[in-house]
Amino acid sequence: MMQRVGGWAGVAIGLGGVLLLAPMACAQDAPPDKAKIDAGETVYSTYCAVCHGDNLVSTGQFPNLRRLTAKDREKFETTVRNGRNQMPPWKDVLSDAQIEQAWSYIRANAYEK
């Protein structure tokens, strides 16, 4: 009898874990937020375009942000906040929301969706 209860407990725990992770999986597949993308275009045009090019078209001197994939998000956020090589840190200039908006704009216009 205890094994059966233990088995049910395992199923309940496993199902709970799946249900807990389900919102995260859905959030990744959510349709693009047009308002966030539009706000990101403004952030990009104001702070990023001077080096990375108008409309994400790089002159070649700086990284082409259209090549960023979904897997590059953490690297992007770290680089924007802390700077890297020639890029200065923006953590005291851009809010988390603005960084998120810029990311949304870049991903909406990236080569790989």
# chains A, B, ... in the order shown; residues from 1 in each chain; ligands from 1

$ residues_around --residues "Ser95 of chain A" --least-positions-apart "6" --cutoff "12 Å" --atoms "only C-alpha atoms" --output "list of chain:residue names"
A:Gly40, A:Val43, A:Glu77, A:Val80, A:Arg81, A:Gln101, A:Ala102

$ atom_distance --atom1 "atom CA of Pro88 of chain A" --atom2 "atom CA of Tyr105 of chain A"
20.4 Å
